[in-house]
file protein_26.csv (CSV, C-alpha atoms and all ligand atoms)
chain,number,residue,atom,x,y,z
A,726,MET,CA,-46.8,-2.0,55.8
A,727,HIS,CA,-44.8,1.0,54.7
A,728,GLU,CA,-47.9,2.3,52.9
A,729,LEU,CA,-48.9,4.0,56.2
A,730,ALA,CA,-45.6,6.0,56.3
A,731,VAL,CA,-46.0,6.9,52.6
A,732,THR,CA,-49.6,8.0,53.1
A,733,GLN,CA,-48.5,10.2,56.0
A,734,SER,CA,-45.9,11.9,53.8
A,735,ILE,CA,-48.4,12.5,51.0
A,736,LEU,CA,-50.8,14.1,53.5
A,737,ASP,CA,-48.1,16.3,55.0
A,738,ILE,CA,-46.9,17.5,51.6
A,739,SER,CA,-50.5,18.1,50.4
A,740,LEU,CA,-51.6,20.0,53.5
A,741,ARG,CA,-48.5,22.2,53.3
A,742,HIS,CA,-49.1,23.2,49.7
A,743,ALA,CA,-52.9,23.6,50.3
A,744,GLN,CA,-52.1,26.0,53.1
A,745,LYS,CA,-49.8,28.1,50.9
A,746,ALA,CA,-52.5,28.3,48.3
A,747,ASP,CA,-55.1,29.4,50.9
A,748,ALA,CA,-57.3,26.4,50.0
A,749,LYS,CA,-60.4,25.5,52.0
A,750,ARG,CA,-60.5,21.9,50.9
A,751,ILE,CA,-58.4,19.4,49.0
A,752,THR,CA,-60.5,17.3,46.7
A,753,ALA,CA,-57.9,15.3,44.9
A,754,ILE,CA,-54.2,14.4,45.1
A,755,ASN,CA,-52.4,13.5,41.9
A,756,LEU,CA,-49.5,11.1,42.4
A,757,VAL,CA,-46.9,9.9,39.8
A,758,ILE,CA,-45.4,6.6,40.6
A,759,GLY,CA,-42.8,4.9,38.3
A,760,ARG,CA,-42.3,1.2,37.9
A,761,PHE,CA,-38.8,1.3,39.4
A,762,SER,CA,-40.1,2.8,42.6
A,763,SER,CA,-43.5,1.1,42.6
A,764,ILE,CA,-43.7,0.7,46.3
A,765,VAL,CA,-47.2,1.8,46.8
A,766,ASP,CA,-50.4,0.0,46.2
A,767,ASP,CA,-54.0,1.0,46.5
A,768,SER,CA,-54.1,0.5,50.3
A,769,VAL,CA,-52.8,4.1,50.4
A,770,GLN,CA,-56.4,5.2,49.8
A,771,PHE,CA,-57.5,3.0,52.7
A,772,TYR,CA,-55.0,4.6,55.1
A,773,TRP,CA,-55.8,8.0,53.6
A,774,ASP,CA,-59.4,7.7,54.8
A,775,ALA,CA,-58.2,7.1,58.3
A,776,ILE,CA,-55.4,9.6,58.7
A,777,ALA,CA,-56.9,12.5,56.7
A,778,GLU,CA,-60.0,12.5,58.8
A,779,GLY,CA,-60.5,15.9,60.5
A,780,THR,CA,-58.2,17.7,58.0
A,781,ILE,CA,-59.1,19.7,55.0
A,782,ALA,CA,-58.0,16.7,52.9
A,783,GLN,CA,-60.7,14.5,54.4
A,784,GLY,CA,-62.5,12.7,51.6
A,785,ALA,CA,-59.9,13.6,48.9
A,786,THR,CA,-59.5,11.1,46.1
A,787,LEU,CA,-56.0,9.8,45.3
A,788,HIS,CA,-55.2,9.5,41.6
A,789,PHE,CA,-52.3,7.2,40.8
A,790,GLN,CA,-50.6,7.9,37.5
A,791,ARG,CA,-48.4,4.8,37.1
A,792,ILE,CA,-45.4,5.2,34.8
A,793,PRO,CA,-44.2,1.9,33.3
A,794,GLY,CA,-40.4,1.4,33.0
A,795,GLU,CA,-39.2,2.9,29.8
A,796,MET,CA,-35.9,2.2,28.1
A,797,THR,CA,-34.2,3.7,25.1
A,798,CYS,CA,-31.9,1.7,22.9
A,799,ARG,CA,-28.4,3.3,22.4
A,800,ALA,CA,-27.9,1.4,19.2
A,801,CYS,CA,-31.0,2.2,17.2
A,802,GLY,CA,-32.9,4.8,19.3
A,803,HIS,CA,-36.0,2.6,19.8
A,804,ILE,CA,-38.0,3.4,22.9
A,805,PHE,CA,-39.7,0.4,24.6
A,806,GLN,CA,-41.1,-0.9,27.8
A,807,PRO,CA,-39.0,-3.8,29.2
A,808,ASP,CA,-40.6,-7.0,30.4
A,809,ASP,CA,-39.4,-8.8,33.5
A,810,VAL,CA,-37.3,-11.3,31.6
A,811,THR,CA,-35.0,-9.3,29.4
A,812,PHE,CA,-34.0,-5.7,28.9
A,813,ALA,CA,-32.8,-6.3,25.3
A,814,CYS,CA,-34.1,-3.9,22.6
A,815,PRO,CA,-37.0,-5.6,20.9
A,816,ALA,CA,-36.1,-3.8,17.6
A,817,CYS,CA,-32.4,-4.7,17.2
A,818,SER,CA,-31.7,-7.0,20.2
A,819,SER,CA,-29.0,-4.6,21.5
A,820,LEU,CA,-28.3,-4.9,25.2
A,821,SER,CA,-27.0,-1.3,25.3
A,822,VAL,CA,-30.0,0.4,26.6
A,823,ARG,CA,-30.7,3.1,29.1
A,824,ILE,CA,-33.6,3.8,31.4
A,825,THR,CA,-35.5,6.9,30.5
A,826,LYS,CA,-38.6,6.6,32.6
A,827,GLY,CA,-39.8,4.8,35.7
A,828,ASP,CA,-38.0,6.4,38.7
A,829,GLU,CA,-40.8,8.9,39.4
A,830,PHE,CA,-42.2,9.0,42.9
A,831,ARG,CA,-43.9,12.3,43.6
A,832,VAL,CA,-46.9,14.3,44.5
A,833,ASP,CA,-47.5,16.1,41.2
A,834,SER,CA,-50.4,18.4,42.1
A,835,ILE,CA,-53.4,18.8,44.3
A,836,ASP,CA,-56.9,19.9,43.3
A,837,VAL,CA,-58.3,22.4,45.8
A,838,GLU,CA,-61.3,24.5,46.5
B,868,MET,CA,-64.6,26.1,42.0
B,869,THR,CA,-61.7,23.6,41.8
B,870,THR,CA,-58.2,24.7,40.9
B,871,ARG,CA,-55.1,22.6,40.4
B,872,VAL,CA,-52.1,23.6,42.5
B,873,PRO,CA,-48.8,22.2,41.2
B,874,VAL,CA,-46.7,20.5,43.9
B,875,VAL,CA,-44.0,18.4,42.3
B,876,GLU,CA,-42.4,17.1,45.5
B,877,LYS,CA,-40.9,13.8,46.1
B,878,ILE,CA,-43.1,11.7,48.3
B,879,LEU,CA,-40.4,10.7,50.7
B,880,SER,CA,-38.8,14.2,50.9
B,881,ALA,CA,-39.3,14.4,54.7
B,882,ASN,CA,-37.4,11.1,55.1
B,883,ASP,CA,-34.7,12.4,52.7
B,884,ARG,CA,-34.2,15.4,54.9
B,885,MET,CA,-33.9,13.3,58.0
B,886,ALA,CA,-31.4,11.1,56.1
B,887,ALA,CA,-29.3,14.2,55.3
B,888,ARG,CA,-29.2,15.0,59.0
B,889,ASN,CA,-28.0,11.5,59.8
B,890,ARG,CA,-25.3,11.9,57.2
B,891,GLU,CA,-24.2,15.1,59.0
B,892,THR,CA,-24.1,13.3,62.3
B,893,LEU,CA,-21.9,10.5,60.8
B,894,ASP,CA,-19.6,13.0,59.1
B,895,ARG,CA,-19.1,15.0,62.2
B,896,ALA,CA,-18.0,11.9,64.0
B,897,GLY,CA,-15.7,11.0,61.1
B,898,LEU,CA,-17.6,7.8,60.4
B,899,TYR,CA,-18.3,5.8,57.3
B,900,ALA,CA,-21.6,3.9,57.3
B,901,ILE,CA,-23.1,1.3,55.0
B,902,ASN,CA,-26.7,0.1,54.6
B,903,ILE,CA,-26.9,-3.6,53.8
B,904,MET,CA,-30.0,-4.7,52.0
B,905,ALA,CA,-31.2,-8.0,50.7
B,906,SER,CA,-34.0,-10.5,50.7
B,907,PRO,CA,-34.3,-12.7,53.9
B,908,GLY,CA,-31.6,-15.3,54.1
B,909,ALA,CA,-29.3,-13.8,51.4
B,910,GLY,CA,-26.5,-13.4,53.9
B,911,LYS,CA,-26.6,-10.0,55.5
B,912,THR,CA,-25.8,-11.2,59.0
B,913,SER,CA,-23.2,-13.6,57.7
B,914,LEU,CA,-21.5,-10.8,55.7
B,915,ILE,CA,-21.3,-8.6,58.8
B,916,LEU,CA,-19.6,-11.4,60.8
B,917,LYS,CA,-17.3,-12.3,57.9
B,918,THR,CA,-16.3,-8.7,57.3
B,919,LEU,CA,-15.5,-8.3,61.0
B,920,GLU,CA,-13.3,-11.4,60.8
B,921,SER,CA,-11.6,-10.3,57.6
B,922,LEU,CA,-10.9,-6.8,58.9
B,923,ASN,CA,-9.2,-8.4,61.9
B,924,GLY,CA,-9.2,-5.2,64.0
B,925,ARG,CA,-8.2,-2.8,61.2
B,926,LEU,CA,-11.4,-0.8,61.6
B,927,ARG,CA,-13.5,-0.3,64.7
B,928,LEU,CA,-17.0,-1.5,63.8
B,929,GLY,CA,-20.4,-0.8,65.1
B,930,VAL,CA,-23.5,-2.7,64.1
B,931,VAL,CA,-27.1,-1.5,63.8
B,932,GLU,CA,-29.5,-4.5,63.5
B,933,GLY,CA,-32.8,-3.8,61.8
B,934,ASP,CA,-33.5,-7.4,60.9
B,935,LEU,CA,-35.4,-9.2,63.7
B,936,ALA,CA,-35.7,-12.4,61.8
B,937,SER,CA,-32.0,-13.3,61.8
B,938,SER,CA,-29.9,-10.9,63.8
B,939,ILE,CA,-26.7,-10.9,65.5
B,940,ASP,CA,-28.0,-11.1,69.0
B,941,ALA,CA,-26.5,-9.0,71.8
B,942,ASP,CA,-24.5,-11.8,73.3
B,943,ARG,CA,-23.0,-12.8,69.9
B,944,ALA,CA,-22.1,-9.2,69.2
B,945,ALA,CA,-20.6,-8.7,72.6
B,946,ALA,CA,-18.6,-11.9,72.3
B,947,ALA,CA,-17.2,-10.5,69.0
B,948,GLY,CA,-16.4,-7.2,70.7
B,949,LEU,CA,-19.0,-5.3,68.6
B,950,PRO,CA,-21.1,-2.5,69.9
B,951,ALA,CA,-24.5,-3.3,68.5
B,952,VAL,CA,-27.9,-1.7,68.6
B,953,GLN,CA,-31.1,-3.4,67.8
B,954,ILE,CA,-33.8,-1.3,66.1
B,955,ASN,CA,-37.4,-2.3,66.8
B,956,THR,CA,-39.0,-1.7,63.5
B,957,GLY,CA,-42.5,-2.5,64.8
B,958,GLY,CA,-43.1,-4.8,61.9
B,959,ASP,CA,-42.1,-2.3,59.2
B,960,CYS,CA,-40.6,-3.8,56.1
B,961,HIS,CA,-37.7,-1.4,55.8
B,962,LEU,CA,-35.6,1.0,58.0
B,963,ASP,CA,-36.2,4.7,57.6
B,964,ALA,CA,-34.0,7.6,58.5
B,965,ALA,CA,-35.8,8.3,61.8
B,966,MET,CA,-35.1,4.8,63.0
B,967,LEU,CA,-31.4,5.1,62.2
B,968,ALA,CA,-31.3,8.5,64.0
B,969,ASP,CA,-32.4,6.8,67.2
B,970,ALA,CA,-29.9,4.0,66.8
B,971,LEU,CA,-27.0,6.4,66.2
B,972,ILE,CA,-27.6,8.0,69.6
B,973,ALA,CA,-27.1,4.6,71.3
B,974,LEU,CA,-23.8,3.9,69.6
B,975,PRO,CA,-20.4,5.2,70.8
B,976,LEU,CA,-19.7,7.0,67.6
B,977,ALA,CA,-16.5,8.7,68.7
B,978,GLU,CA,-14.9,5.2,69.2
B,979,LEU,CA,-15.9,3.8,65.7
B,980,ASP,CA,-14.7,4.0,62.1
B,981,LEU,CA,-17.4,2.1,60.4
B,982,VAL,CA,-21.0,1.4,61.1
B,983,LEU,CA,-22.7,-1.6,59.3
B,984,VAL,CA,-26.5,-1.3,59.2
B,985,GLU,CA,-28.4,-4.6,58.6
B,986,ASN,CA,-31.7,-3.5,56.9
B,987,VAL,CA,-34.9,-5.6,57.1
B,988,GLY,CA,-34.9,-8.6,54.8
B,989,ASN,CA,-36.9,-7.4,51.8
B,990,LEU,CA,-36.3,-6.9,48.1
B,991,ILE,CA,-39.2,-4.4,47.4
B,992,CYS,CA,-38.7,-1.2,49.3
B,993,PRO,CA,-35.7,-0.6,51.5
B,994,ALA,CA,-33.8,1.1,48.6
B,995,ASN,CA,-36.5,3.8,48.4
B,996,PHE,CA,-35.9,4.9,51.9
B,997,GLN,CA,-32.6,6.7,52.2
B,998,ILE,CA,-31.2,6.4,55.8
B,999,GLY,CA,-28.2,8.6,55.4
B,1000,THR,CA,-25.4,6.0,55.0
B,1001,HIS,CA,-22.6,6.7,52.7
B,1002,LEU,CA,-23.1,3.5,50.8
B,1003,ASN,CA,-26.1,1.4,49.9
B,1004,VAL,CA,-25.2,-2.2,49.4
B,1005,LEU,CA,-27.4,-5.0,47.9
B,1006,ILE,CA,-26.6,-8.6,48.6
B,1007,ALA,CA,-27.9,-11.0,45.9
B,1008,SER,CA,-27.4,-14.7,46.6
B,1009,ILE,CA,-27.1,-17.5,44.1
B,1010,PRO,CA,-30.1,-19.6,45.3
B,1011,GLU,CA,-32.4,-16.7,44.8
B,1012,GLY,CA,-32.0,-17.1,41.0
B,1013,ASP,CA,-30.5,-15.0,38.2
B,1014,ASP,CA,-33.7,-13.2,37.3
B,1015,LYS,CA,-33.9,-10.9,40.3
B,1016,PRO,CA,-32.6,-7.8,38.6
B,1017,TYR,CA,-35.5,-8.1,36.1
B,1018,LYS,CA,-38.1,-8.8,38.7
B,1019,TYR,CA,-37.0,-6.3,41.3
B,1020,PRO,CA,-35.4,-3.5,39.3
B,1021,GLY,CA,-36.0,-0.8,41.9
B,1022,MET,CA,-33.6,-2.4,44.4
B,1023,TYR,CA,-30.8,-2.8,41.9
B,1024,ARG,CA,-31.2,0.8,40.9
B,1025,GLY,CA,-30.8,2.2,44.3
B,1026,VAL,CA,-27.4,0.9,45.4
B,1027,GLN,CA,-23.7,1.8,45.0
B,1028,ALA,CA,-22.3,-1.6,45.5
B,1029,LEU,CA,-23.5,-5.1,44.8
B,1030,ILE,CA,-22.5,-8.3,46.5
B,1031,VAL,CA,-23.2,-11.7,45.0
B,1032,ASN,CA,-23.1,-14.1,47.9
B,1033,LYS,CA,-23.1,-17.9,48.1
B,1034,ILE,CA,-20.9,-18.5,45.0
B,1035,ASP,CA,-20.0,-21.8,46.6
B,1036,LEU,CA,-23.4,-23.0,45.4
B,1037,LEU,CA,-22.8,-22.1,41.7
B,1038,PRO,CA,-21.9,-25.7,40.8
B,1039,HIS,CA,-25.2,-26.9,42.3
B,1040,VAL,CA,-27.8,-24.3,41.4
B,1041,PRO,CA,-28.7,-23.1,37.9
B,1042,PHE,CA,-27.6,-19.5,37.8
B,1043,ASP,CA,-26.5,-17.8,34.6
B,1044,LEU,CA,-24.1,-15.2,35.9
B,1045,GLU,CA,-23.9,-13.4,32.5
B,1046,TYR,CA,-27.7,-13.1,32.3
B,1047,PHE,CA,-27.7,-11.7,35.8
B,1048,LYS,CA,-24.9,-9.2,35.1
B,1049,ARG,CA,-26.6,-8.0,31.9
B,1050,GLY,CA,-29.7,-7.0,33.8
B,1051,VAL,CA,-27.6,-5.3,36.5
B,1052,GLU,CA,-25.6,-3.3,33.9
B,1053,VAL,CA,-28.7,-1.8,32.5
B,1054,LEU,CA,-30.2,-0.9,35.8
B,1055,ASN,CA,-27.0,0.4,37.4
B,1056,PRO,CA,-24.2,0.8,34.9
B,1057,GLY,CA,-20.7,0.2,36.2
B,1058,VAL,CA,-21.8,-0.6,39.8
B,1059,ILE,CA,-19.0,-2.2,41.7
B,1060,THR,CA,-19.7,-5.9,42.2
B,1061,PHE,CA,-18.1,-8.4,44.6
B,1062,LEU,CA,-18.6,-12.2,44.1
B,1063,LEU,CA,-18.0,-14.0,47.4
B,1064,SER,CA,-19.0,-16.8,49.7
B,1065,CYS,CA,-19.6,-16.2,53.4
B,1066,LYS,CA,-19.4,-19.9,53.8
B,1067,THR,CA,-15.9,-20.6,52.3
B,1068,GLY,CA,-14.6,-17.1,52.7
B,1069,GLU,CA,-13.8,-16.8,49.0
B,1070,GLY,CA,-13.8,-13.2,47.8
B,1071,VAL,CA,-14.5,-11.8,51.3
B,1072,ASN,CA,-11.0,-10.3,51.6
B,1073,ALA,CA,-11.4,-8.3,48.4
B,1074,TRP,CA,-14.6,-6.8,49.7
B,1075,ALA,CA,-13.0,-6.0,53.1
B,1076,GLU,CA,-9.9,-4.4,51.4
B,1077,TRP,CA,-12.2,-2.2,49.3
B,1078,LEU,CA,-14.1,-1.2,52.4
B,1079,VAL,CA,-11.0,-0.2,54.2
B,1080,ARG,CA,-10.1,2.0,51.3
B,1081,GLN,CA,-13.5,3.7,51.3
B,1082,VAL,CA,-13.1,4.5,55.0
B,1083,LYS,CA,-9.6,5.8,54.6
B,1084,ASP,CA,-10.4,7.9,51.5
B,1085,LYS,CA,-13.2,9.5,53.4
B,1086,LYS,CA,-11.0,10.3,56.4
B,1087,GLU,CA,-8.5,12.1,54.1
C,1,LIG,N1,-23.9,-22.0,51.1
C,1,LIG,C1,-23.8,-20.8,51.7
C,1,LIG,N2,-24.7,-20.5,52.7
C,1,LIG,C2,-24.6,-19.2,53.2
C,1,LIG,C3,-23.6,-18.3,52.7
C,1,LIG,N3,-23.8,-17.1,53.4
C,1,LIG,C4,-24.8,-17.4,54.3
C,1,LIG,N4,-25.3,-18.6,54.2
C,1,LIG,C5,-26.4,-19.2,54.9
C,1,LIG,O1,-27.6,-18.6,54.6
C,1,LIG,C6,-28.5,-18.6,55.7
C,1,LIG,C7,-28.9,-17.1,55.9
C,1,LIG,O2,-27.9,-16.3,56.3
C,1,LIG,P1,-28.0,-14.9,57.1
C,1,LIG,O3,-26.7,-14.3,57.2
C,1,LIG,O4,-28.7,-15.2,58.4
C,1,LIG,O5,-29.0,-14.1,56.1
C,1,LIG,P2,-29.8,-12.8,56.4
C,1,LIG,O6,-31.2,-13.1,56.6
C,1,LIG,O7,-29.7,-12.0,55.1
C,1,LIG,O8,-29.2,-12.1,57.5
C,1,LIG,C8,-27.7,-19.1,56.9
C,1,LIG,O9,-28.1,-20.5,57.0
C,1,LIG,C9,-26.2,-19.0,56.4
C,1,LIG,O10,-25.4,-20.0,57.0
C,1,LIG,C10,-22.8,-18.7,51.6
C,1,LIG,O11,-21.9,-18.0,51.1
C,1,LIG,N5,-22.9,-20.0,51.2
C,2,MG,MG,-29.9,-11.3,59.3
C,3,ZN,ZN,-32.2,-1.1,19.3

call {"tool": "encode", "arguments": {"input": "protein_26.csv", "output": "structure tokens", "more": "lines below"}}
Ligand SMILES: Nc1nc2c(ncn2[C@@H]2O[C@H](COP(=O)(O)OP(=O)(O)O)[C@@H](O)[C@H]2O)c(=O)[nH]1
Ligand SMILES: [Mg+2]
Ligand SMILES: [Zn+2]
result
Amino acid sequence: MHELAVTQSILDISLRHAQKADAKRITAINLVIGRFSSIVDDSVQFYWDAIAEGTIAQGATLHFQRIPGEMTCRACGHIFQPDDVTFACPACSSLSVRITKGDEFRVDSIDVE
Amino acid sequence: MTTRVPVVEKILSANDRMAARNRETLDRAGLYAINIMASPGAGKTSLILKTLESLNGRLRLGVVEGDLASSIDADRAAAAGLPAVQINTGGDCHLDAAMLADALIALPLAELDLVLVENVGNLICPANFQIGTHLNVLIASIPEGDDKPYKYPGMYRGVQALIVNKIDLLPHVPFDLEYFKRGVEVLNPGVITFLLSCKTGEGVNAWAEWLVRQVKDKKE
């Protein structure tokens, strides 16, 4: 249900930046969504078609770049994507790992005319 | 011709700004506020009532109820001497900063030390929506299983304190506490953790004492 609120935020941000760039039309929105903040699904596009109507972002396509969780092993330096059962390093079994990707949740860019 | 305009802005930046405003409101009133998040049935309402009992008048509490499913109803709160505000989330799966802003207006802030906010029962998204509280707390409970940090990493990342509730059930339910803690340690290194039972009361005092210290430290 929060997808509606998220969609509204994406629209507000996109319109503000489009206006600054003197754009006539927004054709695409490029989103970056990490695994650890993966709180949006594709229903955003559905809401988009409703709330962007009548704005210069009407008809824009939403591109989701999904970033999987990424961890880096402190012991051996191995970089891996954890599964949802264990966070142990698959190379050396160390449990001393840190998260290096996956918190992203941003509007990265917009394509305008 | 199409051109690409860089934006690089957090999707929830408007909510974050509103949350910052809530924080100012709370700070001006000299209040400490915590945001209690958990899946439905983990023990949010129970923890609020147990905390009230354990504090035994040492702090003046206010409650913001965002969980319609199992809330402290107005009568129960009044009986306990608690000013309480119910947020109507309109079916939303989390509280956001604007909702808390409305609720704070309805509370007698000047007469309180601590505000406990019960978020909507949900393990997916509440931690993504800052509401302006000083502390985000996640309650995990034993019957939910020991794999939740691995399945719902986002929630475990977004909190500053973790409560493991229903430890009275440890003898009856398979739950590997070490496995659970290993996942938490990766997601949120060093996060302060309280093991307790709202049923037997075990561990509740340690949590309440810690809370009193947070409130005092903030006032100084
Ligand atoms: N065994 C046990 N049950 C508990 C404990 N804490 C809460 N409960 C029970 O769990 C259920 C849900 O609690 P509640 O506080 O309403 O959860 P909420 O949905 O997170 O607010 C209730 O039936 C409580 O009595 C506990 O420490 N041990
Ligand atoms: Mg409840
Ligand atoms: Zn390794």

call {"tool": "closest_atom_pairs", "arguments": {"input": "protein_26.csv", "of": "chain A", "to": "ligand ZN 3 (chain C)", "cutoff": "8 Å", "atoms": "all atoms listed in the file", "output": "tab-separated table"}}
result
residue	atom	partner	partner_atom	distance
A:Thr797	CA	C:ZN3	ZN	7.8
A:Cys798	CA	C:ZN3	ZN	4.6
A:Arg799	CA	C:ZN3	ZN	6.6
A:Ala800	CA	C:ZN3	ZN	5.0
A:Cys801	CA	C:ZN3	ZN	4.1
A:Gly802	CA	C:ZN3	ZN	5.9
A:His803	CA	C:ZN3	ZN	5.3
A:Ala813	CA	C:ZN3	ZN	8.0
A:Cys814	CA	C:ZN3	ZN	4.7
A:Pro815	CA	C:ZN3	ZN	6.8
A:Ala816	CA	C:ZN3	ZN	5.0
A:Cys817	CA	C:ZN3	ZN	4.2
A:Ser818	CA	C:ZN3	ZN	6.0
A:Ser819	CA	C:ZN3	ZN	5.2
A:Ser821	CA	C:ZN3	ZN	7.9
A:Val822	CA	C:ZN3	ZN	7.8

call {"tool": "residues_near_ligand", "arguments": {"input": "protein_26.csv", "ligand": "ligand MG 2 (chain C)", "cutoff": "10 Å", "atoms": "only C-alpha atoms and all ligand atoms", "output": "ChimeraX atom specification"}}
result
/B:903-915,932-940,985-988

call {"tool": "closest_residue", "arguments": {"input": "protein_26.csv", "among": "B:Asn923, B:Cys992, B:Leu916, B:Ile1059", "to": "ligand LIG 1 (chain C)", "atoms": "all atoms listed in the file"}}
result
B:Leu916

call {"tool": "interface_residues", "arguments": {"input": "protein_26.csv", "of": "chain A", "to": "chain B", "cutoff": "7 Å", "atoms": "all atoms listed in the file", "output": "count of residues only"}}
result
23

call {"tool": "atom_distance", "arguments": {"input": "protein_26.csv", "atom1": "CA of Lys1033 in chain B", "atom2": "CA of Leu919 in chain B"}}
result
17.8 Å

call {"tool": "closest_residue", "arguments": {"input": "protein_26.csv", "among": "B:Gly1070, B:His1001, B:Phe1042, B:Val930", "to": "Ile1030 in chain B", "atoms": "only C-alpha atoms"}}
result
B:Gly1070

call {"tool": "closest_residue", "arguments": {"input": "protein_26.csv", "among": "B:Leu1029, B:Leu1044, B:Val1071, B:Leu974", "to": "ligand LIG 1 (chain C)", "atoms": "only C-alpha atoms and all ligand atoms"}}
result
B:Val1071

call {"tool": "residues_near_point", "arguments": {"input": "protein_26.csv", "point": "(-62.2, 12.9, 43.2)", "cutoff": "9 Å", "atoms": "all atoms listed in the file", "output": "count of residues only"}}
result
9

call {"tool": "residues_around", "arguments": {"input": "protein_26.csv", "residues": "Lys826 in chain A", "least_positions_apart": "5", "cutoff": "12 Å", "atoms": "all atoms listed in the file", "output": "PyMOL selection string"}}
result
(chain A and resi 757-762+791-797+804-807) or (chain B and resi 1054)

call {"tool": "atom_distance", "arguments": {"input": "protein_26.csv", "atom1": "CA of Leu983 in chain B", "atom2": "CA of Ile901 in chain B"}}
result
5.2 Å

call {"tool": "atom_distance", "arguments": {"input": "protein_26.csv", "atom1": "atom O11 of ligand LIG 1 (chain C)", "atom2": "CA of Ala947 in chain B"}}
result
20.0 Å

call {"tool": "closest_residue", "arguments": {"input": "protein_26.csv", "among": "B:Gln1027, B:Phe1061, B:Ala946, B:Leu1036", "to": "Asn902 in chain B", "atoms": "all atoms listed in the file"}}
result
B:Gln1027

call {"tool": "residues_around", "arguments": {"input": "protein_26.csv", "residues": "Asp1043 in chain B", "least_positions_apart": "2", "cutoff": "10 Å", "atoms": "only C-alpha atoms", "output": "ChimeraX atom specification"}}
result
/B:1009,1012-1014,1037,1040-1041,1045-1048

call {"tool": "closest_residue", "arguments": {"input": "protein_26.csv", "among": "B:Val1031, B:Cys1065, B:Leu1078, B:Leu967", "to": "ligand LIG 1 (chain C)", "atoms": "only C-alpha atoms and all ligand atoms"}}
result
B:Cys1065

call {"tool": "residues_around", "arguments": {"input": "protein_26.csv", "residues": "Tyr772 in chain A", "least_positions_apart": "2", "cutoff": "12 Å", "atoms": "only C-alpha atoms", "output": "PDB file with C-alpha atoms, keeping the file's coordinate frame"}}
result
ATOM      1  CA  MET A 726     -46.800  -2.000  55.800  1.00  0.00           C
ATOM      2  CA  HIS A 727     -44.800   1.000  54.700  1.00  0.00           C
ATOM      3  CA  GLU A 728     -47.900   2.300  52.900  1.00  0.00           C
ATOM      4  CA  LEU A 729     -48.900   4.000  56.200  1.00  0.00           C
ATOM      5  CA  ALA A 730     -45.600   6.000  56.300  1.00  0.00           C
ATOM      6  CA  VAL A 731     -46.000   6.900  52.600  1.00  0.00           C
ATOM      7  CA  THR A 732     -49.600   8.000  53.100  1.00  0.00           C
ATOM      8  CA  GLN A 733     -48.500  10.200  56.000  1.00  0.00           C
ATOM      9  CA  SER A 734     -45.900  11.900  53.800  1.00  0.00           C
ATOM     10  CA  ILE A 735     -48.400  12.500  51.000  1.00  0.00           C
ATOM     11  CA  LEU A 736     -50.800  14.100  53.500  1.00  0.00           C
ATOM     12  CA  VAL A 765     -47.200   1.800  46.800  1.00  0.00           C
ATOM     13  CA  ASP A 766     -50.400   0.000  46.200  1.00  0.00           C
ATOM     14  CA  ASP A 767     -54.000   1.000  46.500  1.00  0.00           C
ATOM     15  CA  SER A 768     -54.100   0.500  50.300  1.00  0.00           C
ATOM     16  CA  VAL A 769     -52.800   4.100  50.400  1.00  0.00           C
ATOM     17  CA  GLN A 770     -56.400   5.200  49.800  1.00  0.00           C
ATOM     18  CA  ASP A 774     -59.400   7.700  54.800  1.00  0.00           C
ATOM     19  CA  ALA A 775     -58.200   7.100  58.300  1.00  0.00           C
ATOM     20  CA  ILE A 776     -55.400   9.600  58.700  1.00  0.00           C
ATOM     21  CA  ALA A 777     -56.900  12.500  56.700  1.00  0.00           C
ATOM     22  CA  GLU A 778     -60.000  12.500  58.800  1.00  0.00           C
ATOM     23  CA  GLN A 783     -60.700  14.500  54.400  1.00  0.00           C
ATOM     24  CA  GLY A 784     -62.500  12.700  51.600  1.00  0.00           C
ATOM     25  CA  ALA A 785     -59.900  13.600  48.900  1.00  0.00           C
ATOM     26  CA  THR A 786     -59.500  11.100  46.100  1.00  0.00           C
ATOM     27  CA  LEU A 787     -56.000   9.800  45.300  1.00  0.00           C
TER      28      LEU A 787
END

call {"tool": "closest_residue", "arguments": {"input": "protein_26.csv", "among": "B:Ala1073, B:Val1026, B:Val984, B:Leu1002", "to": "ligand LIG 1 (chain C)", "atoms": "all atoms listed in the file"}}
result
B:Val984
